[in-house]
$ cat start06.cif   # mmCIF, C-alpha atoms and all ligand atoms
data_coords
#
loop_
_atom_site.label_atom_id
_atom_site.label_comp_id
_atom_site.auth_asym_id
_atom_site.auth_seq_id
_atom_site.Cartn_x
_atom_site.Cartn_y
_atom_site.Cartn_z
CA MET O 1 31.63 -73.37 -43.56
CA THR O 2 29.42 -71.13 -45.74
CA SER O 3 30.58 -70.46 -49.28
CA PRO O 4 31.60 -66.85 -49.97
CA LEU O 5 29.39 -64.48 -51.94
CA LEU O 6 32.29 -63.49 -54.17
CA GLU O 7 35.58 -65.23 -54.82
CA LEU O 8 38.63 -64.51 -56.98
CA ASN O 9 41.18 -67.20 -57.70
CA GLU O 10 44.53 -66.75 -59.45
CA LEU O 11 43.20 -63.77 -61.38
CA ARG O 12 45.43 -61.93 -63.88
CA PHE O 13 44.37 -58.98 -65.95
CA ALA O 14 46.19 -56.61 -68.32
CA TRP O 15 44.74 -53.93 -70.59
CA PRO O 16 45.77 -54.44 -74.26
CA GLN O 17 49.45 -53.67 -74.90
CA GLN O 18 50.00 -52.93 -71.20
CA PRO O 19 51.80 -54.82 -68.44
CA VAL O 20 49.84 -56.94 -65.96
CA LEU O 21 47.76 -54.60 -63.81
CA LEU O 22 46.08 -57.10 -61.50
CA ASP O 23 47.52 -60.39 -60.28
CA ILE O 24 45.43 -61.54 -57.33
CA ALA O 25 46.02 -65.00 -55.86
CA HIS O 26 42.90 -65.19 -53.76
CA PHE O 27 40.16 -62.93 -52.49
CA ARG O 28 36.82 -63.61 -50.81
CA LEU O 29 33.90 -61.47 -49.77
CA GLN O 30 31.38 -63.04 -47.41
CA ALA O 31 27.61 -62.53 -47.57
CA GLY O 32 26.66 -59.40 -45.63
CA GLU O 33 30.29 -58.29 -45.25
CA ARG O 34 31.23 -54.61 -45.58
CA LEU O 35 34.66 -54.17 -47.11
CA PHE O 36 36.64 -50.96 -47.59
CA LEU O 37 39.04 -51.10 -50.55
CA LYS O 38 41.68 -48.44 -50.97
CA GLY O 39 44.67 -48.01 -53.25
CA PRO O 40 46.61 -45.25 -55.01
CA SER O 41 45.22 -43.66 -58.15
CA GLY O 42 45.88 -45.92 -61.13
CA SER O 43 46.36 -49.06 -59.01
CA GLY O 44 43.42 -50.74 -60.74
CA LYS O 45 40.48 -50.32 -58.34
CA THR O 46 37.92 -49.40 -61.01
CA THR O 47 39.30 -52.11 -63.29
CA LEU O 48 38.83 -54.63 -60.48
CA LEU O 49 35.21 -53.54 -60.00
CA GLY O 50 34.65 -54.06 -63.74
CA LEU O 51 36.04 -57.59 -63.42
CA LEU O 52 33.76 -58.33 -60.46
CA GLY O 53 30.75 -57.34 -62.54
CA GLY O 54 31.90 -59.32 -65.56
CA VAL O 55 32.23 -56.12 -67.64
CA HIS O 56 35.80 -57.24 -68.39
CA LEU O 57 37.12 -60.80 -68.27
CA PRO O 58 40.52 -61.70 -66.84
CA GLN O 59 43.12 -63.30 -69.12
CA GLN O 60 43.66 -65.91 -66.39
CA GLY O 61 41.85 -67.15 -63.32
CA GLU O 62 38.27 -66.63 -62.41
CA VAL O 63 35.66 -64.51 -60.66
CA THR O 64 32.87 -66.45 -58.97
CA LEU O 65 29.76 -64.67 -57.73
CA LEU O 66 27.10 -66.70 -55.87
CA GLY O 67 28.85 -69.88 -57.00
CA GLN O 68 28.63 -68.85 -60.67
CA SER O 69 31.86 -68.51 -62.66
CA LEU O 70 31.42 -65.31 -64.72
CA ALA O 71 33.72 -66.52 -67.50
CA SER O 72 31.43 -69.46 -68.23
CA LEU O 73 28.60 -67.06 -69.16
CA SER O 74 28.18 -65.30 -72.52
CA ALA O 75 28.52 -61.49 -72.56
CA ARG O 76 24.74 -61.17 -72.60
CA GLN O 77 24.29 -63.62 -69.73
CA ARG O 78 26.93 -61.74 -67.74
CA ASP O 79 25.08 -58.45 -68.25
CA ARG O 80 21.91 -60.07 -67.04
CA PHE O 81 23.61 -61.77 -64.08
CA ARG O 82 25.20 -58.46 -63.09
CA THR O 83 21.88 -56.59 -63.15
CA GLU O 84 20.16 -59.36 -61.18
CA HIS O 85 22.70 -59.60 -58.39
CA THR O 86 24.78 -56.42 -58.26
CA GLY O 87 23.95 -52.79 -57.56
CA TYR O 88 26.52 -50.17 -58.59
CA ILE O 89 27.06 -46.68 -57.26
CA PHE O 90 29.39 -44.97 -59.71
CA GLN O 91 31.80 -42.14 -58.96
CA MET O 92 29.85 -39.83 -61.30
CA PHE O 93 26.51 -41.46 -60.35
CA ASN O 94 25.56 -42.11 -64.04
CA LEU O 95 21.95 -41.07 -63.48
CA LEU O 96 19.91 -40.72 -66.66
CA PRO O 97 19.20 -36.98 -67.03
CA TYR O 98 15.95 -37.41 -68.97
CA LEU O 99 14.39 -39.68 -66.33
CA SER O 100 12.76 -38.58 -63.08
CA VAL O 101 14.29 -39.43 -59.72
CA GLN O 102 11.77 -42.26 -59.28
CA ASP O 103 12.39 -43.72 -62.74
CA ASN O 104 16.15 -43.61 -62.18
CA VAL O 105 15.74 -45.54 -58.93
CA LEU O 106 13.47 -48.09 -60.63
CA LEU O 107 15.73 -48.61 -63.65
CA PRO O 108 17.20 -51.96 -62.45
CA CYS O 109 13.64 -53.32 -62.12
CA ARG O 110 13.13 -52.72 -65.85
CA PHE O 111 16.05 -55.01 -66.66
CA SER O 112 15.78 -57.55 -63.85
CA ALA O 113 12.55 -59.45 -63.21
CA ARG O 114 14.13 -60.82 -60.04
CA ARG O 115 14.80 -57.39 -58.55
CA LYS O 116 11.37 -56.19 -59.65
CA ASP O 117 9.70 -59.18 -57.94
CA ARG O 118 11.71 -58.68 -54.76
CA ALA O 119 10.79 -54.98 -54.63
CA LEU O 120 7.12 -55.81 -55.24
CA GLN O 121 7.10 -58.57 -52.61
CA ARG O 122 8.53 -56.30 -49.94
CA HIS O 123 6.66 -53.11 -50.68
CA GLY O 124 3.54 -53.96 -52.70
CA SER O 125 4.37 -51.55 -55.53
CA LEU O 126 7.51 -50.33 -57.25
CA GLU O 127 6.67 -46.73 -56.35
CA ALA O 128 6.46 -47.70 -52.66
CA ALA O 129 9.80 -49.53 -52.92
CA ALA O 130 11.48 -46.45 -54.42
CA ALA O 131 9.88 -44.15 -51.84
CA HIS O 132 11.00 -46.42 -48.98
CA LEU O 133 14.62 -46.31 -50.09
CA LEU O 134 14.64 -42.59 -50.82
CA ASN O 135 13.01 -41.94 -47.45
CA GLY O 136 15.63 -44.02 -45.70
CA LEU O 137 18.29 -42.00 -47.49
CA GLY O 138 16.74 -38.71 -46.37
CA LEU O 139 14.87 -37.78 -49.57
CA SER O 140 11.31 -37.77 -48.38
CA ASP O 141 9.70 -34.91 -50.36
CA PRO O 142 7.24 -36.59 -52.81
CA ALA O 143 7.59 -33.67 -55.29
CA LEU O 144 11.25 -34.55 -55.58
CA LEU O 145 10.44 -37.97 -57.04
CA ARG O 146 9.06 -36.41 -60.20
CA ARG O 147 11.95 -34.04 -60.82
CA PRO O 148 14.60 -34.88 -63.41
CA ALA O 149 17.46 -36.51 -61.51
CA THR O 150 20.01 -33.95 -62.65
CA ALA O 151 17.91 -31.07 -61.20
CA LEU O 152 19.08 -32.24 -57.76
CA SER O 153 22.12 -31.23 -55.73
CA ILE O 154 25.20 -33.45 -55.92
CA GLY O 155 24.53 -34.88 -52.46
CA GLN O 156 20.93 -35.67 -53.42
CA GLN O 157 22.03 -37.28 -56.71
CA GLN O 158 24.41 -39.43 -54.73
CA ARG O 159 21.56 -40.72 -52.60
CA VAL O 160 19.42 -41.38 -55.69
CA ALA O 161 22.32 -43.41 -57.09
CA ALA O 162 22.47 -45.37 -53.81
CA ALA O 163 18.71 -46.06 -53.91
CA ARG O 164 19.05 -47.29 -57.50
CA ALA O 165 21.87 -49.65 -56.45
CA LEU O 166 19.81 -51.01 -53.54
CA ILE O 167 16.39 -51.46 -55.16
CA GLY O 168 15.27 -55.10 -55.30
CA ASN O 169 17.96 -56.19 -52.80
CA PRO O 170 20.91 -57.22 -54.96
CA GLU O 171 23.26 -59.50 -53.02
CA LEU O 172 26.26 -57.28 -53.78
CA VAL O 173 26.48 -53.48 -53.72
CA ILE O 174 29.59 -51.97 -55.27
CA ALA O 175 30.40 -48.33 -54.66
CA ASP O 176 33.23 -46.59 -56.52
CA GLU O 177 34.29 -43.41 -54.66
CA PRO O 178 30.67 -42.48 -53.98
CA THR O 179 31.45 -39.90 -51.31
CA SER O 180 34.16 -37.92 -53.10
CA ALA O 181 31.85 -34.94 -53.72
CA LEU O 182 30.62 -34.69 -50.11
CA ASP O 183 31.99 -32.84 -47.08
CA ALA O 184 33.15 -34.89 -44.06
CA ASP O 185 29.86 -34.72 -42.11
CA SER O 186 27.67 -35.59 -45.12
CA ARG O 187 30.08 -38.38 -46.01
CA GLU O 188 29.70 -40.19 -42.70
CA ALA O 189 25.92 -39.65 -42.67
CA PHE O 190 25.65 -41.05 -46.22
CA LEU O 191 27.71 -44.06 -45.21
CA GLN O 192 25.57 -44.82 -42.16
CA LEU O 193 22.46 -44.72 -44.35
CA LEU O 194 24.11 -46.97 -46.90
CA PHE O 195 25.08 -49.44 -44.14
CA ALA O 196 21.57 -49.45 -42.74
CA GLU O 197 20.03 -50.08 -46.16
CA CYS O 198 22.56 -52.83 -46.97
CA SER O 199 21.89 -54.52 -43.61
CA GLU O 200 18.15 -54.36 -44.14
CA ALA O 201 18.51 -55.82 -47.62
CA GLY O 202 21.16 -58.37 -46.49
CA SER O 203 23.56 -57.05 -49.15
CA SER O 204 27.36 -57.18 -49.02
CA LEU O 205 29.09 -53.88 -49.65
CA LEU O 206 32.37 -53.35 -51.49
CA PHE O 207 33.27 -49.71 -51.07
CA VAL O 208 36.20 -48.13 -52.90
CA SER O 209 37.59 -44.88 -51.55
CA HIS O 210 40.76 -42.86 -51.06
CA ASP O 211 39.33 -41.52 -47.81
CA THR O 212 41.00 -43.76 -45.24
CA ALA O 213 39.21 -41.96 -42.36
CA LEU O 214 36.14 -44.01 -43.35
CA ALA O 215 37.92 -47.39 -43.15
CA PRO O 216 37.29 -48.08 -39.41
CA LEU O 217 33.56 -47.98 -40.05
CA PHE O 218 33.80 -51.18 -42.14
CA ASP O 219 34.09 -54.86 -41.13
CA ARG O 220 37.38 -55.12 -43.02
CA SER O 221 39.73 -52.86 -44.89
CA LEU O 222 42.07 -53.87 -47.69
CA ALA O 223 44.64 -52.03 -49.78
CA LEU O 224 44.79 -53.10 -53.42
CA PRO O 225 48.61 -53.12 -53.43
CA GLU O 226 48.54 -55.75 -50.61
CA LEU O 227 46.17 -57.91 -52.60
CA ASN O 228 48.01 -57.56 -55.86
CA ARG O 229 51.13 -59.59 -56.66
CA ALA O 230 51.74 -57.42 -59.75
CA THR O 231 52.37 -54.42 -57.50
CA HIS O 232 54.74 -56.42 -55.29
CA LEU O 233 56.72 -57.48 -58.36
CA GLU O 234 56.98 -53.86 -59.47
CA ALA O 235 58.09 -52.88 -55.99
CA LEU O 236 61.00 -55.35 -55.97
N1 LIG Q 301 39.57 -48.92 -70.74
C1 LIG Q 301 40.89 -48.89 -70.52
N2 LIG Q 301 41.77 -49.16 -71.50
C2 LIG Q 301 43.10 -49.13 -71.29
N3 LIG Q 301 43.67 -48.86 -70.09
C3 LIG Q 301 42.85 -48.58 -69.07
C4 LIG Q 301 41.42 -48.59 -69.22
N4 LIG Q 301 40.86 -48.30 -68.01
C5 LIG Q 301 41.88 -48.11 -67.15
N5 LIG Q 301 43.08 -48.29 -67.78
C6 LIG Q 301 44.40 -48.19 -67.16
O1 LIG Q 301 44.46 -49.08 -66.06
C7 LIG Q 301 45.17 -48.47 -64.97
C8 LIG Q 301 44.28 -48.55 -63.72
O2 LIG Q 301 43.14 -47.72 -63.91
P1 LIG Q 301 41.91 -47.75 -62.88
O3 LIG Q 301 40.92 -46.73 -63.34
O4 LIG Q 301 41.45 -49.15 -62.70
O5 LIG Q 301 42.64 -47.25 -61.53
P2 LIG Q 301 42.03 -46.71 -60.17
O6 LIG Q 301 42.83 -47.34 -59.08
O7 LIG Q 301 40.56 -46.92 -60.15
O8 LIG Q 301 42.35 -45.15 -60.28
P3 LIG Q 301 41.61 -43.88 -59.60
O9 LIG Q 301 41.80 -44.03 -58.11
O10 LIG Q 301 42.39 -42.73 -60.16
O11 LIG Q 301 40.17 -43.90 -60.04
C9 LIG Q 301 45.52 -47.08 -65.39
O12 LIG Q 301 46.89 -47.09 -65.81
C10 LIG Q 301 44.61 -46.80 -66.55
O13 LIG Q 301 45.23 -45.95 -67.50
#
$ encode --input "start06.cif" --output "structure tokens"
Amino acid sequence: MTSPLLELNELRFAWPQQPVLLDIAHFRLQAGERLFLKGPSGSGKTTLLGLLGGVHLPQQGEVTLLGQSLASLSARQRDRFRTEHTGYIFQMFNLLPYLSVQDNVLLPCRFSARRKDRALQRHGSLEAAAAHLLNGLGLSDPALLRRPATALSIGQQQRVAAARALIGNPELVIADEPTSALDADSREAFLQLLFAECSEAGSSLLFVSHDTALAPLFDRSLALPELNRATHLEAL
């Protein structure tokens, strides 16, 4: 049996001076798998994503990505490991306003030699790698690449954020409510493009959303309250 890309075991996490928020016995994400994660507001979805990236550490249990226990790394090593292996699409995109579209997309390659090398190997130059992704995501106008990222529409910024997450083929792509600003048609189109890019790159996708209409498009769908023993205890 192949080992999972990502694994959580007996994980417990509480914010300071707060009750336990996450208490997850076991969770696995396989390589190439596309998982839809839902859960009510405040149930801890964003917190969980932070734990998967090693931004926060659990008080108990462990997160293992690519066989590496995140807790056994220093904070600096975790930051590096996250940039090397994980691409994030944030709810608010977090594009850098003073950088062009192209430079925003290429940002992970500045911090990760591995992602830079992978992008160069596949496309010959970083510019070609960025253009390939943006093209695939429907942003093909070359003039657009030089514009400041925030001079784009919300839907376009969303696609720039997706290209930035995908550049250099990270093994895991994490998306936190990335479609909340889009209408239903654009939402499904964005998702199909994201799927195609993840498949091409061989990346797993963990997609957080309230929009349950999207769930059937994924390999698997999970509700955080089902995963979380802390919620079951509260519900008793
Ligand atoms: N940095 C923080 N410090 C203290 N408490 C926090 C912090 N971040 C989140 N929380 C608390 O943790 C709980 C879960 O928040 P989280 O953002 O993970 O939920 P969520 O499921 O992503 O919510 P939403 O769907 O509204 O984005 C909330 O009660 C929140 O107040």
$ closest_atom_pairs --input "start06.cif" --of "chain O" --to "ligand LIG 301 (chain Q)" --cutoff "10 Å" --atoms "only C-alpha atoms and all ligand atoms" --output "CSV"
residue,atom,partner,partner_atom,distance
O:Phe13,CA,Q:LIG301,O1,9.9
O:Ala14,CA,Q:LIG301,O1,8.0
O:Trp15,CA,Q:LIG301,C2,5.1
O:Pro16,CA,Q:LIG301,C2,6.6
O:Gln17,CA,Q:LIG301,C2,8.6
O:Gln18,CA,Q:LIG301,N3,7.6
O:Pro19,CA,Q:LIG301,O12,9.5
O:Val20,CA,Q:LIG301,O1,9.5
O:Leu21,CA,Q:LIG301,C7,6.8
O:Leu22,CA,Q:LIG301,C8,9.0
O:Lys38,CA,Q:LIG301,O6,8.3
O:Gly39,CA,Q:LIG301,O6,6.2
O:Pro40,CA,Q:LIG301,O9,5.9
O:Ser41,CA,Q:LIG301,O9,3.4
O:Gly42,CA,Q:LIG301,O5,3.5
O:Ser43,CA,Q:LIG301,O6,3.9
O:Gly44,CA,Q:LIG301,O4,3.2
O:Lys45,CA,Q:LIG301,O7,3.9
O:Thr46,CA,Q:LIG301,O7,3.7
O:Thr47,CA,Q:LIG301,O4,3.7
O:Leu48,CA,Q:LIG301,O4,6.5
O:Leu49,CA,Q:LIG301,O4,8.1
O:Gly50,CA,Q:LIG301,O4,8.5
O:His56,CA,Q:LIG301,N1,9.4
O:Gln91,CA,Q:LIG301,O11,8.6
O:Asp176,CA,Q:LIG301,O7,8.2
O:Glu177,CA,Q:LIG301,O11,8.0
O:Val208,CA,Q:LIG301,O7,8.5
O:Ser209,CA,Q:LIG301,O9,7.8
O:His210,CA,Q:LIG301,O9,7.2
O:Leu224,CA,Q:LIG301,O6,8.3
O:Pro225,CA,Q:LIG301,O6,9.9
$ write_last_selection --input "start06.cif" --atoms "C-alpha atoms" --output "PDB file, keeping the file's coordinate frame"
ATOM      1  CA  PHE O  13      44.370 -58.980 -65.950  1.00  0.00           C
ATOM      2  CA  ALA O  14      46.190 -56.610 -68.320  1.00  0.00           C
ATOM      3  CA  TRP O  15      44.740 -53.930 -70.590  1.00  0.00           C
ATOM      4  CA  PRO O  16      45.770 -54.440 -74.260  1.00  0.00           C
ATOM      5  CA  GLN O  17      49.450 -53.670 -74.900  1.00  0.00           C
ATOM      6  CA  GLN O  18      50.000 -52.930 -71.200  1.00  0.00           C
ATOM      7  CA  PRO O  19      51.800 -54.820 -68.440  1.00  0.00           C
ATOM      8  CA  VAL O  20      49.840 -56.940 -65.960  1.00  0.00           C
ATOM      9  CA  LEU O  21      47.760 -54.600 -63.810  1.00  0.00           C
ATOM     10  CA  LEU O  22      46.080 -57.100 -61.500  1.00  0.00           C
ATOM     11  CA  LYS O  38      41.680 -48.440 -50.970  1.00  0.00           C
ATOM     12  CA  GLY O  39      44.670 -48.010 -53.250  1.00  0.00           C
ATOM     13  CA  PRO O  40      46.610 -45.250 -55.010  1.00  0.00           C
ATOM     14  CA  SER O  41      45.220 -43.660 -58.150  1.00  0.00           C
ATOM     15  CA  GLY O  42      45.880 -45.920 -61.130  1.00  0.00           C
ATOM     16  CA  SER O  43      46.360 -49.060 -59.010  1.00  0.00           C
ATOM     17  CA  GLY O  44      43.420 -50.740 -60.740  1.00  0.00           C
ATOM     18  CA  LYS O  45      40.480 -50.320 -58.340  1.00  0.00           C
ATOM     19  CA  THR O  46      37.920 -49.400 -61.010  1.00  0.00           C
ATOM     20  CA  THR O  47      39.300 -52.110 -63.290  1.00  0.00           C
ATOM     21  CA  LEU O  48      38.830 -54.630 -60.480  1.00  0.00           C
ATOM     22  CA  LEU O  49      35.210 -53.540 -60.000  1.00  0.00           C
ATOM     23  CA  GLY O  50      34.650 -54.060 -63.740  1.00  0.00           C
ATOM     24  CA  HIS O  56      35.800 -57.240 -68.390  1.00  0.00           C
ATOM     25  CA  GLN O  91      31.800 -42.140 -58.960  1.00  0.00           C
ATOM     26  CA  ASP O 176      33.230 -46.590 -56.520  1.00  0.00           C
ATOM     27  CA  GLU O 177      34.290 -43.410 -54.660  1.00  0.00           C
ATOM     28  CA  VAL O 208      36.200 -48.130 -52.900  1.00  0.00           C
ATOM     29  CA  SER O 209      37.590 -44.880 -51.550  1.00  0.00           C
ATOM     30  CA  HIS O 210      40.760 -42.860 -51.060  1.00  0.00           C
ATOM     31  CA  LEU O 224      44.790 -53.100 -53.420  1.00  0.00           C
ATOM     32  CA  PRO O 225      48.610 -53.120 -53.430  1.00  0.00           C
TER      33      PRO O 225
END
$ atom_distance --input "start06.cif" --atom1 "CA of Phe207 (chain O)" --atom2 "CA of Ala165 (chain O)"
12.6 Å
$ atom_distance --input "start06.cif" --atom1 "CA of Met92 (chain O)" --atom2 "CA of Ser204 (chain O)"
21.4 Å
$ closest_atom_pairs --input "start06.cif" --of "region 136-196 of chain O" --to "region 103-123 of chain O" --cutoff "7 Å" --atoms "all atoms listed in the file" --output "tab-separated table"
residue	atom	partner	partner_atom	distance
O:Val160	CA	O:Val105	CA	6.4
O:Ala163	CA	O:Val105	CA	5.9
O:Arg164	CA	O:Val105	CA	4.0
O:Ile167	CA	O:Ala119	CA	6.6
O:Gly168	CA	O:Arg115	CA	4.0
O:Asn169	CA	O:Arg115	CA	6.7
$ write_last_selection --input "start06.cif" --atoms "C-alpha atoms" --output "mmCIF file, in the coordinates of the input"
data_model
loop_
_atom_site.group_PDB
_atom_site.id
_atom_site.type_symbol
_atom_site.label_atom_id
_atom_site.label_comp_id
_atom_site.auth_asym_id
_atom_site.auth_seq_id
_atom_site.Cartn_x
_atom_site.Cartn_y
_atom_site.Cartn_z
ATOM 1 C CA VAL O 160 19.420 -41.380 -55.690
ATOM 2 C CA ALA O 163 18.710 -46.060 -53.910
ATOM 3 C CA ARG O 164 19.050 -47.290 -57.500
ATOM 4 C CA ILE O 167 16.390 -51.460 -55.160
ATOM 5 C CA GLY O 168 15.270 -55.100 -55.300
ATOM 6 C CA ASN O 169 17.960 -56.190 -52.800
#
$ atom_distance --input "start06.cif" --atom1 "CA of Ser221 (chain O)" --atom2 "CA of Phe195 (chain O)"
15.1 Å
$ closest_residue --input "start06.cif" --among "O:Ala149, O:Ala175, O:Leu194, O:Ala129" --to "Leu96 (chain O)" --atoms "all atoms listed in the file"
O:Ala149
$ closest_residue --input "start06.cif" --among "O:Ala161, O:Ala213, O:Ala196, O:Val173" --to "Gln102 (chain O)" --atoms "only C-alpha atoms"
O:Ala161
$ closest_residue --input "start06.cif" --among "O:Ala184, O:Leu6, O:Ala215, O:Val101" --to "Pro142 (chain O)" --atoms "all atoms listed in the file"
O:Val101
$ closest_residue --input "start06.cif" --among "O:Leu193, O:Leu172, O:Ala223, O:Val55" --to "Phe36 (chain O)" --atoms "only C-alpha atoms"
O:Ala223
$ residues_around --input "start06.cif" --residues "Gln192 (chain O)" --least-positions-apart "3" --cutoff "12 Å" --atoms "only C-alpha atoms" --output "PyMOL selection string"
chain O and resi 34+136-138+159+179+185-189+195-199+214+217-218
$ residues_around --input "start06.cif" --residues "Leu52 (chain O)" --least-positions-apart "2" --cutoff "12 Å" --atoms "only C-alpha atoms" --output "ChimeraX atom specification"
/O:5-9,11,13,27-29,45-50,54-58,62-66,68-71,78-79,81-82,85-88,172-174,206
$ closest_residue --input "start06.cif" --among "O:Gly53, O:Pro170, O:Pro178, O:Gly61" --to "Glu200 (chain O)" --atoms "only C-alpha atoms"
O:Pro170
$ closest_residue --input "start06.cif" --among "O:Gln30, O:Gln60, O:Ser3, O:Gln158" --to "Arg220 (chain O)" --atoms "all atoms listed in the file"
O:Gln30
$ residues_around --input "start06.cif" --residues "Leu227 (chain O)" --least-positions-apart "4" --cutoff "10 Å" --atoms "all atoms listed in the file" --output "VMD selection string"
chain O and resid 22 to 27 222 to 223 231 to 232
$ decode --input "start06.cif" --residues "region 26-74 of chain O" --atoms "C-alpha atoms" --output "short mmCIF file (atom, residue, chain, number, x, y, z; two decimals), in the first residue's frame"
data_model
loop_
_atom_site.label_atom_id
_atom_site.label_comp_id
_atom_site.auth_asym_id
_atom_site.auth_seq_id
_atom_site.Cartn_x
_atom_site.Cartn_y
_atom_site.Cartn_z
CA HIS O 26 -6.98 10.11 12.13
CA PHE O 27 -7.03 11.69 8.70
CA ARG O 28 -5.26 10.84 5.45
CA LEU O 29 -5.00 12.50 2.07
CA GLN O 30 -3.63 10.39 -0.77
CA ALA O 31 -1.32 11.65 -3.51
CA GLY O 32 -3.36 13.13 -6.35
CA GLU O 33 -6.59 13.04 -4.31
CA ARG O 34 -9.10 15.91 -4.52
CA LEU O 35 -10.87 16.46 -1.22
CA PHE O 36 -13.73 18.84 -0.44
CA LEU O 37 -13.78 19.99 3.19
CA LYS O 38 -16.81 21.77 4.56
CA GLY O 39 -17.91 22.85 8.02
CA PRO O 40 -19.86 25.65 9.71
CA SER O 41 -18.25 29.03 10.25
CA GLY O 42 -15.95 28.89 13.27
CA SER O 43 -15.59 25.09 13.19
CA GLY O 44 -11.84 25.41 12.68
CA LYS O 45 -11.29 24.91 8.93
CA THR O 46 -8.77 27.73 8.52
CA THR O 47 -7.06 26.69 11.75
CA LEU O 48 -6.75 23.15 10.38
CA LEU O 49 -5.17 24.46 7.17
CA GLY O 50 -2.64 26.38 9.29
CA LEU O 51 -1.78 23.15 11.12
CA LEU O 52 -1.33 21.29 7.83
CA GLY O 53 1.17 23.91 6.70
CA GLY O 54 3.01 23.92 10.02
CA VAL O 55 2.05 27.57 10.64
CA HIS O 56 0.65 26.41 14.00
CA LEU O 57 1.68 23.30 15.90
CA PRO O 58 -0.81 21.06 17.70
CA GLN O 59 -0.53 20.62 21.48
CA GLN O 60 -0.81 16.86 20.89
CA GLY O 61 -0.44 14.45 18.02
CA GLU O 62 1.21 15.05 14.72
CA VAL O 63 0.92 16.20 11.13
CA THR O 64 3.01 14.26 8.63
CA LEU O 65 3.49 15.54 5.10
CA LEU O 66 5.46 13.41 2.62
CA GLY O 67 6.62 11.24 5.52
CA GLN O 68 8.02 14.26 7.39
CA SER O 69 6.66 15.04 10.85
CA LEU O 70 6.22 18.84 10.90
CA ALA O 71 6.73 19.07 14.68
CA SER O 72 10.25 17.68 14.36
CA LEU O 73 11.28 20.68 12.22
CA SER O 74 12.26 24.13 13.53
#
